[in-house]
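Here is structure_18.txt, consisting of compact mmCIF, C-alpha atoms:
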# COMPACT_ATOMS: atom_id res chain seq x y z
CA MET A 1 -88.46 -209.01 48.19
CA LEU A 2 -89.36 -208.29 44.60
CA ASP A 3 -92.73 -209.67 43.68
CA ALA A 4 -94.26 -209.71 40.21
CA THR A 5 -97.80 -210.96 39.77
CA ASP A 6 -99.61 -211.80 36.58
CA LEU A 7 -97.61 -209.45 34.35
CA GLU A 8 -98.72 -208.95 30.80
CA CYS A 9 -96.84 -206.90 28.25
CA LEU A 10 -97.99 -205.77 24.81
CA ARG A 11 -95.69 -204.33 22.19
CA GLY A 12 -97.96 -202.72 19.65
CA THR A 13 -100.52 -205.45 19.06
CA ARG A 14 -98.16 -208.33 19.81
CA ARG A 15 -98.34 -209.97 23.22
CA LEU A 16 -94.79 -210.53 24.53
CA PHE A 17 -95.78 -212.36 27.68
CA ALA A 18 -98.84 -212.82 29.86
CA GLY A 19 -99.59 -214.28 33.27
CA LEU A 20 -95.96 -213.95 34.32
CA SER A 21 -95.50 -214.26 38.08
CA PHE A 22 -92.36 -214.69 40.15
CA GLN A 23 -90.75 -213.68 43.42
CA VAL A 24 -87.13 -212.89 44.06
CA ALA A 25 -86.08 -213.05 47.70
CA PRO A 26 -83.07 -211.28 49.26
CA GLY A 27 -79.87 -213.09 48.35
CA GLU A 28 -81.39 -214.49 45.18
CA CYS A 29 -80.59 -213.90 41.55
CA LEU A 30 -83.06 -214.34 38.72
CA GLN A 31 -81.61 -214.88 35.28
CA VAL A 32 -84.10 -214.08 32.54
CA GLN A 33 -83.45 -215.93 29.33
CA GLY A 34 -85.12 -215.86 25.98
CA SER A 35 -84.52 -215.29 22.31
CA ASN A 36 -84.23 -211.84 20.73
CA GLY A 37 -87.52 -210.00 20.93
CA SER A 38 -88.97 -212.25 23.61
CA GLY A 39 -89.50 -209.33 25.98
CA LYS A 40 -86.50 -209.47 28.32
CA THR A 41 -85.81 -205.76 28.12
CA SER A 42 -89.52 -204.94 28.35
CA LEU A 43 -89.74 -207.05 31.51
CA LEU A 44 -86.84 -205.18 33.14
CA ARG A 45 -88.33 -201.82 32.16
CA ILE A 46 -91.58 -202.88 33.81
CA LEU A 47 -89.73 -204.07 36.93
CA CYS A 48 -87.94 -200.75 37.34
CA GLY A 49 -91.12 -198.77 36.75
CA ILE A 50 -90.20 -196.92 33.53
CA ALA A 51 -92.81 -198.85 31.58
CA ARG A 52 -96.20 -199.95 32.83
CA PRO A 53 -97.46 -203.47 32.34
CA GLU A 54 -100.69 -204.04 30.43
CA ARG A 55 -101.92 -206.04 33.41
CA GLY A 56 -100.49 -207.16 36.72
CA ALA A 57 -98.35 -205.46 39.33
CA VAL A 58 -94.81 -205.27 40.61
CA ARG A 59 -94.37 -205.06 44.38
CA TRP A 60 -91.32 -204.24 46.44
CA ASN A 61 -91.54 -205.52 50.03
CA GLY A 62 -95.27 -205.89 49.56
CA GLU A 63 -95.98 -202.36 48.27
CA PRO A 64 -96.69 -201.52 44.62
CA ILE A 65 -93.64 -199.78 43.18
CA GLY A 66 -95.76 -196.97 41.76
CA ALA A 67 -96.95 -196.06 45.26
CA LEU A 68 -93.44 -196.30 46.74
CA GLY A 69 -92.00 -193.93 44.14
CA GLU A 70 -88.82 -192.32 45.37
CA SER A 71 -88.19 -194.74 48.23
CA PHE A 72 -88.23 -197.62 45.73
CA ARG A 73 -85.99 -195.81 43.29
CA ALA A 74 -83.47 -195.10 46.07
CA GLU A 75 -82.90 -198.86 46.38
CA LEU A 76 -82.73 -199.56 42.67
CA ALA A 77 -79.81 -199.68 40.28
CA PHE A 78 -80.71 -200.17 36.63
CA CYS A 79 -78.18 -200.89 33.90
CA GLY A 80 -79.87 -200.67 30.52
CA HIS A 81 -78.68 -201.36 26.99
CA ALA A 82 -77.28 -197.85 26.82
CA ASN A 83 -74.39 -197.20 29.13
CA ALA A 84 -75.64 -193.82 30.36
CA LEU A 85 -72.14 -192.37 30.16
CA LYS A 86 -71.38 -188.87 28.94
CA GLU A 87 -68.91 -189.11 26.08
CA GLU A 88 -67.16 -185.84 26.93
CA LEU A 89 -66.49 -186.69 30.58
CA THR A 90 -63.86 -189.03 31.98
CA PRO A 91 -64.90 -192.29 33.68
CA VAL A 92 -64.22 -190.79 37.11
CA GLU A 93 -66.39 -187.73 36.38
CA ASN A 94 -69.14 -189.96 35.04
CA LEU A 95 -69.22 -192.11 38.16
CA LEU A 96 -69.08 -189.09 40.48
CA ALA A 97 -72.02 -187.53 38.63
CA CYS A 98 -73.94 -190.79 38.90
CA ALA A 99 -73.23 -191.13 42.62
CA SER A 100 -74.43 -187.60 43.34
CA LEU A 101 -77.55 -188.32 41.30
CA TYR A 102 -78.29 -191.17 43.70
CA GLY A 103 -77.48 -189.02 46.71
CA VAL A 104 -74.42 -191.13 47.52
CA ARG A 105 -71.45 -189.19 48.78
CA ALA A 106 -68.68 -190.91 46.89
CA ALA A 107 -65.07 -189.95 47.35
CA ALA A 108 -62.77 -189.96 44.34
CA ASP A 109 -60.93 -192.86 46.03
CA ALA A 110 -64.06 -195.00 46.13
CA VAL A 111 -64.62 -194.26 42.44
CA ARG A 112 -61.07 -195.32 41.63
CA THR A 113 -61.51 -198.56 43.60
CA ALA A 114 -64.70 -199.31 41.68
CA LEU A 115 -62.96 -198.64 38.36
CA ASP A 116 -59.96 -200.71 39.40
CA ALA A 117 -62.18 -203.75 40.06
CA PHE A 118 -63.07 -203.70 36.36
CA ARG A 119 -59.47 -202.92 35.33
CA VAL A 120 -60.32 -199.61 33.72
CA LEU A 121 -58.41 -197.45 36.18
CA PRO A 122 -55.57 -196.71 33.70
CA LEU A 123 -58.19 -195.03 31.49
CA GLU A 124 -59.48 -192.71 34.21
CA ALA A 125 -58.18 -189.51 32.59
CA LEU A 126 -59.50 -190.21 29.08
CA PRO A 127 -62.87 -188.96 27.88
CA VAL A 128 -65.31 -191.87 27.56
CA ARG A 129 -65.48 -191.13 23.83
CA ALA A 130 -61.98 -192.61 23.47
CA LEU A 131 -62.93 -195.93 25.13
CA SER A 132 -63.88 -199.12 23.34
CA GLN A 133 -67.40 -200.56 23.62
CA GLY A 134 -66.29 -203.14 26.16
CA GLN A 135 -64.40 -200.59 28.23
CA LYS A 136 -67.46 -198.33 28.31
CA ARG A 137 -69.53 -201.27 29.54
CA ARG A 138 -66.98 -201.91 32.29
CA VAL A 139 -67.20 -198.29 33.43
CA ALA A 140 -71.01 -198.47 33.41
CA LEU A 141 -70.95 -201.64 35.53
CA ALA A 142 -68.40 -200.17 37.95
CA ARG A 143 -71.29 -197.92 39.02
CA LEU A 144 -72.91 -200.93 40.70
CA ALA A 145 -70.02 -201.33 43.12
CA LEU A 146 -70.08 -197.64 43.94
CA CYS A 147 -73.72 -197.10 44.91
CA ARG A 148 -74.85 -199.80 47.28
CA HIS A 149 -78.38 -200.47 46.10
CA ARG A 150 -80.48 -203.38 47.27
CA LEU A 151 -81.99 -204.26 43.91
CA TRP A 152 -79.95 -204.58 40.73
CA LEU A 153 -81.69 -204.83 37.36
CA LEU A 154 -79.12 -205.59 34.68
CA ASP A 155 -80.06 -205.72 31.03
CA GLU A 156 -77.57 -207.80 29.04
CA PRO A 157 -74.67 -206.94 31.34
CA LEU A 158 -72.37 -209.32 29.46
CA ALA A 159 -72.82 -207.57 26.11
CA ALA A 160 -69.42 -206.50 24.76
CA LEU A 161 -67.61 -207.84 27.85
CA ASP A 162 -64.65 -210.23 27.59
CA ALA A 163 -64.30 -213.36 29.73
CA ASP A 164 -62.20 -211.55 32.31
CA ALA A 165 -64.75 -208.77 32.84
CA ALA A 166 -67.61 -211.28 32.85
CA GLU A 167 -65.84 -213.07 35.71
CA THR A 168 -65.44 -209.76 37.58
CA LEU A 169 -69.13 -209.07 37.14
CA ALA A 170 -70.06 -212.55 38.39
CA ARG A 171 -67.97 -212.01 41.57
CA LEU A 172 -69.56 -208.57 42.03
CA VAL A 173 -73.05 -210.06 41.78
CA ASP A 174 -72.02 -212.85 44.18
CA ALA A 175 -70.83 -210.29 46.73
CA HIS A 176 -74.06 -208.36 46.27
CA LEU A 177 -76.17 -211.49 46.87
CA ALA A 178 -74.07 -212.40 49.91
CA GLN A 179 -75.12 -209.08 51.42
CA ASN A 180 -78.79 -209.98 50.92
CA GLY A 181 -79.05 -208.03 47.70
CA ILE A 182 -81.43 -208.94 44.90
CA CYS A 183 -80.43 -209.18 41.28
CA VAL A 184 -82.47 -209.67 38.12
CA LEU A 185 -80.44 -209.93 34.95
CA THR A 186 -81.10 -210.80 31.35
CA SER A 187 -78.51 -212.65 29.39
CA HIS A 188 -78.08 -214.97 26.44
CA GLN A 189 -75.28 -216.92 28.07
CA PRO A 190 -75.58 -217.91 31.74
CA VAL A 191 -73.59 -215.82 34.22
CA ALA A 192 -71.32 -218.11 36.23
CA LEU A 193 -72.49 -217.34 39.75
CA ARG A 194 -71.43 -219.23 42.87
CA ALA A 195 -74.65 -218.27 44.63
CA ARG A 196 -77.89 -219.92 43.67
CA ALA A 197 -79.56 -218.44 40.64
CA ARG A 198 -82.95 -219.23 39.28
CA SER A 199 -83.71 -218.89 35.65
CA LEU A 200 -86.84 -217.69 33.98
CA ALA A 201 -87.39 -218.49 30.33
CA LEU A 202 -89.44 -216.16 28.16
CA SER A 203 -90.69 -217.72 24.95
CA MET B 1 -69.65 -177.89 29.20
CA ARG B 2 -67.12 -179.82 27.18
CA ARG B 3 -68.91 -179.14 23.94
CA ARG B 4 -68.10 -175.49 23.48
CA SER B 5 -69.41 -175.10 19.95
CA GLU B 6 -73.13 -175.47 20.68
CA PRO B 7 -73.79 -172.16 22.48
CA LEU B 8 -71.86 -170.47 19.67
CA PHE B 9 -74.23 -171.94 17.06
CA THR B 10 -77.20 -170.32 18.76
CA LEU B 11 -75.44 -167.01 19.17
CA GLY B 12 -74.07 -167.09 15.62
CA PHE B 13 -77.53 -167.81 14.20
CA PHE B 14 -79.02 -164.89 16.12
CA VAL B 15 -76.33 -162.49 14.93
CA VAL B 16 -76.51 -163.61 11.30
CA VAL B 17 -80.31 -163.52 11.04
CA ALA B 18 -80.54 -160.12 12.73
CA SER B 19 -77.82 -158.79 10.42
CA LEU B 20 -79.47 -160.04 7.24
CA PHE B 21 -82.48 -157.75 7.55
CA PRO B 22 -80.59 -154.44 7.26
CA LEU B 23 -78.70 -155.89 4.30
CA GLY B 24 -81.87 -157.02 2.59
CA LEU B 25 -83.97 -153.96 3.29
CA GLY B 26 -81.41 -151.30 2.50
CA PRO B 27 -80.16 -148.42 4.66
CA GLU B 28 -83.40 -146.64 5.47
CA PRO B 29 -83.01 -145.59 9.12
CA GLU B 30 -86.71 -144.95 9.68
CA LEU B 31 -87.84 -148.31 8.30
CA LEU B 32 -85.13 -150.21 10.16
CA ARG B 33 -86.02 -148.58 13.44
CA ARG B 34 -89.71 -149.44 12.89
CA ILE B 35 -89.11 -153.14 12.28
CA ALA B 36 -86.26 -153.57 14.80
CA PRO B 37 -88.28 -154.82 17.82
CA GLY B 38 -90.13 -157.48 15.85
CA VAL B 39 -87.12 -158.63 13.84
CA LEU B 40 -84.81 -158.87 16.84
CA TRP B 41 -87.42 -160.72 18.87
CA VAL B 42 -88.23 -163.19 16.10
CA ALA B 43 -84.51 -163.79 15.53
CA ALA B 44 -83.99 -164.45 19.25
CA LEU B 45 -86.99 -166.78 19.30
CA LEU B 46 -85.74 -168.85 16.36
CA ALA B 47 -82.21 -168.94 17.74
CA SER B 48 -83.29 -170.17 21.15
CA MET B 49 -85.26 -172.94 19.44
CA LEU B 50 -82.17 -174.27 17.67
CA ALA B 51 -80.70 -175.81 20.79
CA LEU B 52 -83.97 -177.43 21.96
CA GLY B 53 -83.34 -180.67 20.11
CA ARG B 54 -80.21 -181.25 22.18
CA LEU B 55 -81.95 -180.48 25.48
CA PHE B 56 -83.10 -184.06 26.03
CA GLY B 57 -82.09 -185.76 22.76
CA ALA B 58 -78.51 -186.53 23.73
CA ASP B 59 -79.56 -187.74 27.18
CA TYR B 60 -82.19 -190.00 25.66
CA GLU B 61 -79.74 -191.58 23.23
CA ASP B 62 -77.03 -192.39 25.77
CA GLY B 63 -79.46 -193.66 28.42
CA THR B 64 -78.84 -190.85 30.90
CA LEU B 65 -82.46 -189.78 30.75
CA GLU B 66 -83.60 -193.20 31.99
CA GLN B 67 -81.16 -192.91 34.88
CA LEU B 68 -82.49 -189.43 35.69
CA ALA B 69 -86.04 -190.77 35.69
CA LEU B 70 -84.99 -193.63 37.98
CA ALA B 71 -82.96 -191.51 40.39
CA PRO B 72 -84.43 -191.00 43.85
CA ALA B 73 -84.39 -187.23 43.39
CA PRO B 74 -87.62 -185.89 41.81
CA LEU B 75 -87.43 -185.68 38.03
CA VAL B 76 -88.90 -182.17 38.19
CA LEU B 77 -85.75 -180.89 39.90
CA ALA B 78 -83.47 -182.44 37.30
CA VAL B 79 -85.66 -181.02 34.54
CA GLY B 80 -85.60 -177.58 36.16
CA ALA B 81 -81.81 -177.69 36.37
CA LYS B 82 -81.56 -178.68 32.73
CA ILE B 83 -83.84 -175.82 31.67
CA VAL B 84 -81.78 -173.32 33.68
CA ALA B 85 -78.61 -174.66 32.07
CA HIS B 86 -80.24 -174.46 28.66
CA TRP B 87 -81.18 -170.83 29.23
CA LEU B 88 -77.69 -169.95 30.46
CA VAL B 89 -76.08 -171.21 27.25
CA SER B 90 -78.78 -170.36 24.70
CA GLY B 91 -80.84 -167.52 26.19
CA LEU B 92 -78.50 -165.35 28.23
CA PRO B 93 -75.93 -164.87 25.41
CA LEU B 94 -78.73 -163.53 23.20
CA VAL B 95 -79.66 -160.97 25.85
CA LEU B 96 -76.04 -159.88 26.21
CA VAL B 97 -75.37 -159.51 22.50
CA SER B 98 -78.70 -157.83 21.64
CA PRO B 99 -77.48 -154.22 22.28
CA LEU B 100 -74.85 -154.60 19.57
CA LEU B 101 -77.43 -155.79 17.06
CA ALA B 102 -79.85 -153.07 18.14
CA LEU B 103 -77.22 -150.50 17.20
CA GLN B 104 -77.37 -151.79 13.62
CA TYR B 105 -81.00 -150.73 13.58
CA GLY B 106 -80.22 -147.32 15.05
CA LEU B 107 -82.32 -147.79 18.20
CA PRO B 108 -81.84 -145.11 20.88
CA GLY B 109 -80.20 -146.00 24.18
CA ASP B 110 -83.25 -146.29 26.42
CA VAL B 111 -85.06 -148.45 23.87
CA ILE B 112 -82.02 -150.76 23.78
CA ALA B 113 -82.23 -151.03 27.57
CA HIS B 114 -85.88 -152.04 27.26
CA LEU B 115 -85.04 -154.55 24.53
CA MET B 116 -82.52 -156.17 26.86
CA LEU B 117 -84.99 -156.17 29.73
CA SER B 118 -87.75 -157.72 27.63
CA LEU B 119 -85.36 -160.39 26.35
CA LEU B 120 -84.13 -161.03 29.89
CA ILE B 121 -87.69 -161.77 31.03
CA GLY B 122 -88.78 -163.39 27.76
CA THR B 123 -85.99 -165.82 26.87
CA PRO B 124 -86.48 -167.94 30.02
CA VAL B 125 -90.12 -168.34 28.97
CA LEU B 126 -88.93 -169.57 25.57
CA SER B 127 -86.64 -172.13 27.24
CA LEU B 128 -89.40 -173.29 29.60
CA ILE B 129 -92.06 -173.70 26.91
CA GLY B 130 -89.53 -175.19 24.51
CA ALA B 131 -88.61 -177.83 27.08
CA ILE B 132 -92.20 -179.16 27.04
CA ALA B 133 -92.09 -179.47 23.26
CA ALA B 134 -88.65 -181.07 23.40
CA ALA B 135 -89.80 -183.60 26.01
CA LEU B 136 -92.87 -184.52 23.97
CA THR B 137 -90.75 -185.28 20.89
CA ILE B 138 -88.10 -187.43 22.61
CA GLY B 139 -87.20 -190.36 20.41
CA VAL B 140 -89.36 -189.18 17.50
CA ARG B 141 -87.82 -189.10 14.06
CA GLY B 142 -87.57 -185.62 12.59
CA ALA B 143 -87.94 -184.19 16.08
CA GLY B 144 -86.42 -180.86 15.07
CA VAL B 145 -89.28 -179.85 12.79
CA LEU B 146 -91.88 -181.23 15.19
CA VAL B 147 -90.44 -179.21 18.08
CA ALA B 148 -90.71 -176.08 15.96
CA LEU B 149 -94.34 -176.83 15.04
CA LEU B 150 -95.25 -177.51 18.67
CA ALA B 151 -93.36 -174.67 20.27
CA LEU B 152 -93.85 -171.79 17.85
CA PRO B 153 -97.61 -171.30 18.45
CA LEU B 154 -96.95 -171.36 22.19
CA TYR B 155 -94.27 -168.71 21.77
CA VAL B 156 -96.79 -166.22 20.34
CA PRO B 157 -97.78 -164.47 23.61
CA THR B 158 -94.15 -164.05 24.60
CA LEU B 159 -93.34 -162.60 21.19
CA VAL B 160 -96.31 -160.24 21.24
CA PHE B 161 -95.59 -158.87 24.71
CA GLY B 162 -91.82 -158.81 24.26
CA ALA B 163 -91.80 -157.02 20.93
CA GLY B 164 -94.75 -154.93 22.14
CA ALA B 165 -92.76 -153.62 25.09
CA VAL B 166 -89.93 -152.43 22.84
CA ASP B 167 -92.38 -151.02 20.29
CA ALA B 168 -94.20 -149.05 22.97
CA ARG B 169 -90.94 -147.58 24.20
CA LEU B 170 -89.98 -146.68 20.64
CA ALA B 171 -93.29 -144.84 20.24
CA GLY B 172 -92.62 -142.94 23.46
CA LEU B 173 -95.16 -144.86 25.54
CA SER B 174 -94.65 -146.80 28.74
CA ALA B 175 -93.40 -150.36 28.31
CA ALA B 176 -94.62 -151.35 31.77
CA PRO B 177 -97.93 -153.07 30.79
CA ASN B 178 -96.23 -155.33 28.24
CA LEU B 179 -93.36 -156.09 30.59
CA ALA B 180 -95.80 -156.93 33.37
CA LEU B 181 -97.65 -159.34 31.07
CA LEU B 182 -94.32 -160.84 30.03
CA GLY B 183 -93.48 -161.29 33.70
CA ALA B 184 -96.83 -163.01 34.22
CA CYS B 185 -95.96 -165.42 31.37
CA LEU B 186 -92.66 -166.15 33.09
CA ALA B 187 -94.31 -166.79 36.46
CA LEU B 188 -96.83 -169.18 34.89
CA ALA B 189 -94.16 -170.96 32.87
CA VAL B 190 -91.84 -171.39 35.88
CA LEU B 191 -94.70 -172.93 37.80
CA PHE B 192 -96.08 -175.31 35.21
CA ALA B 193 -93.45 -176.00 32.54
CA PRO B 194 -91.09 -178.16 34.66
CA LEU B 195 -94.03 -180.28 35.86
CA ALA B 196 -95.39 -180.69 32.35
CA THR B 197 -91.91 -181.46 31.02
CA ALA B 198 -91.27 -184.13 33.65
CA ALA B 199 -94.64 -185.74 32.90
CA ALA B 200 -93.91 -185.64 29.17
CA ILE B 201 -90.52 -187.30 29.72
CA ARG B 202 -92.11 -190.15 31.67
CA ILE B 203 -94.63 -190.66 28.87
CA SER B 204 -91.94 -190.52 26.19
CA LEU B 205 -89.73 -193.05 27.99
CA GLU B 206 -92.52 -195.60 28.36

For the structure just supplied, provide its representation as C-alpha cells.
Amino acid sequence: MLDATDLECLRGTRRLFAGLSFQVAPGECLQVQGSNGSGKTSLLRILCGIARPERGAVRWNGEPIGALGESFRAELAFCGHANALKEELTPVENLLACASLYGVRAAADAVRTALDAFRVLPLEALPVRALSQGQKRRVALARLALCRHRLWLLDEPLAALDADAAETLARLVDAHLAQNGICVLTSHQPVALRARARSLALS
Amino acid sequence: MRRRSEPLFTLGFFVVVASLFPLGLGPEPELLRRIAPGVLWVAALLASMLALGRLFGADYEDGTLEQLALAPAPLVLAVGAKIVAHWLVSGLPLVLVSPLLALQYGLPGDVIAHLMLSLLIGTPVLSLIGAIAAALTIGVRGAGVLVALLALPLYVPTLVFGAGAVDARLAGLSAAPNLALLGACLALAVLFAPLATAAAIRISLE
C-alpha cells in the first residue's frame, strides 16, 4: 500500500501542488495526468524518495519511506525520463548490470526473454549507442519484467514508444497488477490497461 | 571500460606537463633535481583532477546515478567502488609511469622509489577528496572549473607531505615522517570521503 498524505512541492518559489493525498492499494494503478510543468515528475521523485516534499509524507505499508530506507528501495522500480542505460554496453549487459544492482540473480536467458517481450532481442549484440530513442526506451522498460518489484514508478513510459510497444507495456503493467503489484505512472495519453486504473489530475 | 581513451588523456597530460619543465628551464641538472619532487607531484595532482568531471557526470546525465541512489545496496558501497575504479584508471597509471619521468630530472634510484611510494599512498587520497568535490558539483554548469576550485585547496596537505617525502629523501633525510602523515591522510580519507560523497550525491540529486 502506497500512501501519500498532504504532499506539497515547491519548485523555486512556485508551488506545484499542495494538500495532495492519495492511496494506491495492491493491484491498483494510478495514472497521473497534467500539463507540462504541472509537477508530475516532481511527484514521482518524491514518491521514490529522491526528492523530499516541502510538507507531507509518503508511507509504504504504513511506514514512512525515509525510515524504511533500503527495504523500501528493494521493492521499488523507478523508470525516469533518462533511460539509465550505458551507451557503450549492449542491452543484455545493461540489464545484467541493473539486475545485479538490485541483487537479483538474473540469468542471460531471463534477460533475453525480457528483451524479446519488447521485440528488441535482435539488437542484443549492438551497443546501446547504436539504438534509436524508442528502442532505448524499450530496453529500459524491459528491466521491469526482469526484476520483480512490488512498486513501479514510471515517468512518461510512453515517450518515444510506438503503438506496438505501448501495447506491450500495457500488458506488462496488467500482469504486474494481477500479481498484486502497484504502479504509479505519469503520461499525457492514457495507457490502455485492462485492470482498473485511477487517474489523478495535477493542475 | 569500453571508452579506452579517457585513462590515456590523464596519463598523456601527466607526461606532457612533467616534460615541459625540463624544456622550459634548460638542462641544468642541479636545478632540475631540486624542483623535481614538487613539479612531478603538482603534475600528478592536476592530471588526476582531469578525470573527476567524468566520475559522476556521465552517470548523472544518463540517469544511472538515480538508479544507484535507489538501489537497495547502500550508496556508500557504490561510491566506494566508483572511487576505486577511478583511481585504477587515473591514479595507478601515474604511479607506474612516474619513474620514467623522474629519470628526466636525473633523480637517483632510491629517490625514485620513494617518489613512487609517495604517489602510491597519495593518489588514492586525491581520488577520494576529488570525489567529494565531483559529487558536490553534479549537474552544475561549468562543473570542471568549480571542481578544481573546491578540490585544489583540499589537496594541499597531500601535496605538502607527498612532495616533502621525496624532498627529504633527496636531501638525504628520512622520508618516514612525511610518508606516515600521508598514510594518515589516506586513512582519514578512506573513512570519511565515501560517506561525504554519498551524502553530497543525495543532496545534488534532490

- Message: Would you mind listing, as a VMD selection string, all residues of chain A that have at least one atom within 6 Å of chain B, where all atoms listed in the file are what counts?
- Response: chain A and resid 50 to 51 70 73 to 74 82 84 102

Could you save the residues just selected, with C-alpha atoms, as a CSV table (one decimal), in the frame of the given file?
chain,number,residue,atom,x,y,z
A,50,ILE,CA,-90.2,-196.9,33.5
A,51,ALA,CA,-92.8,-198.8,31.6
A,70,GLU,CA,-88.8,-192.3,45.4
A,73,ARG,CA,-86.0,-195.8,43.3
A,74,ALA,CA,-83.5,-195.1,46.1
A,82,ALA,CA,-77.3,-197.8,26.8
A,84,ALA,CA,-75.6,-193.8,30.4
A,102,TYR,CA,-78.3,-191.2,43.7

- Kindly extract all protein, DNA and RNA residues lying within 8 Å of the coordinates (-86.8, -184.5, 21.3) given in the file, considering all atoms listed in the file, and supply them as a list of chain:residue names. B:Leu52, B:Gly53, B:Arg54, B:Leu55, B:Phe56, B:Gly57, B:Ala133, B:Ala134, B:Ala135, B:Leu136, B:Thr137, B:Ile138, B:Gly139, B:Val140, B:Ala143, B:Gly144, B:Val147

- Tell me, in Å to one decimal, how far atom CA of A:Leu85 is from atom CA of A:Glu28.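 Interatomic distance, atom CA of A:Leu85 to atom CA of A:Glu28: 28.3 Å.
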
- Query: Which residues come within 8 Å of stretch 90-98 of chain B, counting only C-alpha atoms, excluding same-chain residues fewer than 2 positions away, as a ChimeraX atom specification?
  - Reply: /B:7,10-11,14,40,44,47-48,51,86-88,100-102,115-116,119-120,123-124,127

Within 12 Å of (-65.4, -210.3, 34.0) (file coordinates; only C-alpha atoms), which protein or nucleic acid residues are there? I'd like them as a tab-separated table (two decimals) with C-alpha atoms, in the frame of the given file.
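The result, written out as result_27.tsv:
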chain	number	residue	atom	x	y	z
A	117	ALA	CA	-62.18	-203.75	40.06
A	118	PHE	CA	-63.07	-203.70	36.36
A	119	ARG	CA	-59.47	-202.92	35.33
A	120	VAL	CA	-60.32	-199.61	33.72
A	134	GLY	CA	-66.29	-203.14	26.16
A	135	GLN	CA	-64.40	-200.59	28.23
A	137	ARG	CA	-69.53	-201.27	29.54
A	138	ARG	CA	-66.98	-201.91	32.29
A	141	LEU	CA	-70.95	-201.64	35.53
A	142	ALA	CA	-68.40	-200.17	37.95
A	157	PRO	CA	-74.67	-206.94	31.34
A	158	LEU	CA	-72.37	-209.32	29.46
A	159	ALA	CA	-72.82	-207.57	26.11
A	160	ALA	CA	-69.42	-206.50	24.76
A	161	LEU	CA	-67.61	-207.84	27.85
A	162	ASP	CA	-64.65	-210.23	27.59
A	163	ALA	CA	-64.30	-213.36	29.73
A	164	ASP	CA	-62.20	-211.55	32.31
A	165	ALA	CA	-64.75	-208.77	32.84
A	166	ALA	CA	-67.61	-211.28	32.85
A	167	GLU	CA	-65.84	-213.07	35.71
A	168	THR	CA	-65.44	-209.76	37.58
A	169	LEU	CA	-69.13	-209.07	37.14
A	170	ALA	CA	-70.06	-212.55	38.39
A	171	ARG	CA	-67.97	-212.01	41.57
A	172	LEU	CA	-69.56	-208.57	42.03
A	173	VAL	CA	-73.05	-210.06	41.78
A	191	VAL	CA	-73.59	-215.82	34.22
A	192	ALA	CA	-71.32	-218.11	36.23
A	193	LEU	CA	-72.49	-217.34	39.75

Shell around stretch 158-173 of chain B at 8 Å using all atoms listed in the file, local window under 2 positions removed, as a short mmCIF file (atom, residue, chain, number, x, y, z; two decimals) with C-alpha atoms, keeping the file's coordinate frame:
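This is the output file out-v2.cif:
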data_model
loop_
_atom_site.label_atom_id
_atom_site.label_comp_id
_atom_site.auth_asym_id
_atom_site.auth_seq_id
_atom_site.Cartn_x
_atom_site.Cartn_y
_atom_site.Cartn_z
CA PRO B 37 -88.28 -154.82 17.82
CA GLY B 38 -90.13 -157.48 15.85
CA TRP B 41 -87.42 -160.72 18.87
CA VAL B 42 -88.23 -163.19 16.10
CA LEU B 45 -86.99 -166.78 19.30
CA VAL B 111 -85.06 -148.45 23.87
CA HIS B 114 -85.88 -152.04 27.26
CA LEU B 115 -85.04 -154.55 24.53
CA SER B 118 -87.75 -157.72 27.63
CA LEU B 119 -85.36 -160.39 26.35
CA GLY B 122 -88.78 -163.39 27.76
CA VAL B 125 -90.12 -168.34 28.97
CA LEU B 126 -88.93 -169.57 25.57
CA TYR B 155 -94.27 -168.71 21.77
CA VAL B 156 -96.79 -166.22 20.34
CA ALA B 175 -93.40 -150.36 28.31
CA ALA B 176 -94.62 -151.35 31.77
CA PRO B 177 -97.93 -153.07 30.79
CA ASN B 178 -96.23 -155.33 28.24
CA LEU B 179 -93.36 -156.09 30.59
CA LEU B 181 -97.65 -159.34 31.07
CA LEU B 182 -94.32 -160.84 30.03
CA CYS B 185 -95.96 -165.42 31.37
#

- Query: Hey, which of A:Leu121, A:Ala140, A:Val128, A:Leu43 ends up closest to A:Arg11? Count only C-alpha atoms.
  - Reply: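 Comparing A:Leu121, A:Ala140, A:Val128, A:Leu43 against A:Arg11, the winner is A:Leu43.
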
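Computed from the coordinates, the atom CA of A:Ala110 to atom CA of B:Ala81 distance equals 26.6 Å.
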
- Quick one, how far is atom CA of A:Gly69 from atom CA of A:Cys98?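 So the answer is 19.1 Å.
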
- Skipping near chain neighbours, those fewer than 6 positions away, what residues fall within 7 Å of A:Val32 using all atoms listed in the file, listed as number ranges by chain? A: 40, 185-187, 199-201

Spatial neighbours of A:Val184, max dist 12 Å, only C-alpha atoms, sep filter under 4 positions, as a compact mmCIF listing (two decimals) with C-alpha atoms, in the coordinates of the input:
# COMPACT_ATOMS: atom_id res chain seq x y z
CA MET A 1 -88.46 -209.01 48.19
CA LEU A 2 -89.36 -208.29 44.60
CA ASP A 3 -92.73 -209.67 43.68
CA ALA A 4 -94.26 -209.71 40.21
CA PHE A 22 -92.36 -214.69 40.15
CA GLN A 23 -90.75 -213.68 43.42
CA VAL A 24 -87.13 -212.89 44.06
CA ALA A 25 -86.08 -213.05 47.70
CA PRO A 26 -83.07 -211.28 49.26
CA GLY A 27 -79.87 -213.09 48.35
CA GLU A 28 -81.39 -214.49 45.18
CA CYS A 29 -80.59 -213.90 41.55
CA LEU A 30 -83.06 -214.34 38.72
CA GLN A 31 -81.61 -214.88 35.28
CA VAL A 32 -84.10 -214.08 32.54
CA GLN A 33 -83.45 -215.93 29.33
CA LYS A 40 -86.50 -209.47 28.32
CA THR A 41 -85.81 -205.76 28.12
CA LEU A 43 -89.74 -207.05 31.51
CA LEU A 44 -86.84 -205.18 33.14
CA ARG A 45 -88.33 -201.82 32.16
CA LEU A 47 -89.73 -204.07 36.93
CA CYS A 48 -87.94 -200.75 37.34
CA LEU A 76 -82.73 -199.56 42.67
CA ALA A 77 -79.81 -199.68 40.28
CA PHE A 78 -80.71 -200.17 36.63
CA CYS A 79 -78.18 -200.89 33.90
CA ARG A 150 -80.48 -203.38 47.27
CA LEU A 151 -81.99 -204.26 43.91
CA TRP A 152 -79.95 -204.58 40.73
CA LEU A 153 -81.69 -204.83 37.36
CA LEU A 154 -79.12 -205.59 34.68
CA ASP A 155 -80.06 -205.72 31.03
CA GLU A 156 -77.57 -207.80 29.04
CA PRO A 157 -74.67 -206.94 31.34
CA VAL A 173 -73.05 -210.06 41.78
CA HIS A 176 -74.06 -208.36 46.27
CA LEU A 177 -76.17 -211.49 46.87
CA VAL A 191 -73.59 -215.82 34.22
CA ALA A 197 -79.56 -218.44 40.64
CA ARG A 198 -82.95 -219.23 39.28
CA SER A 199 -83.71 -218.89 35.65
CA LEU A 200 -86.84 -217.69 33.98
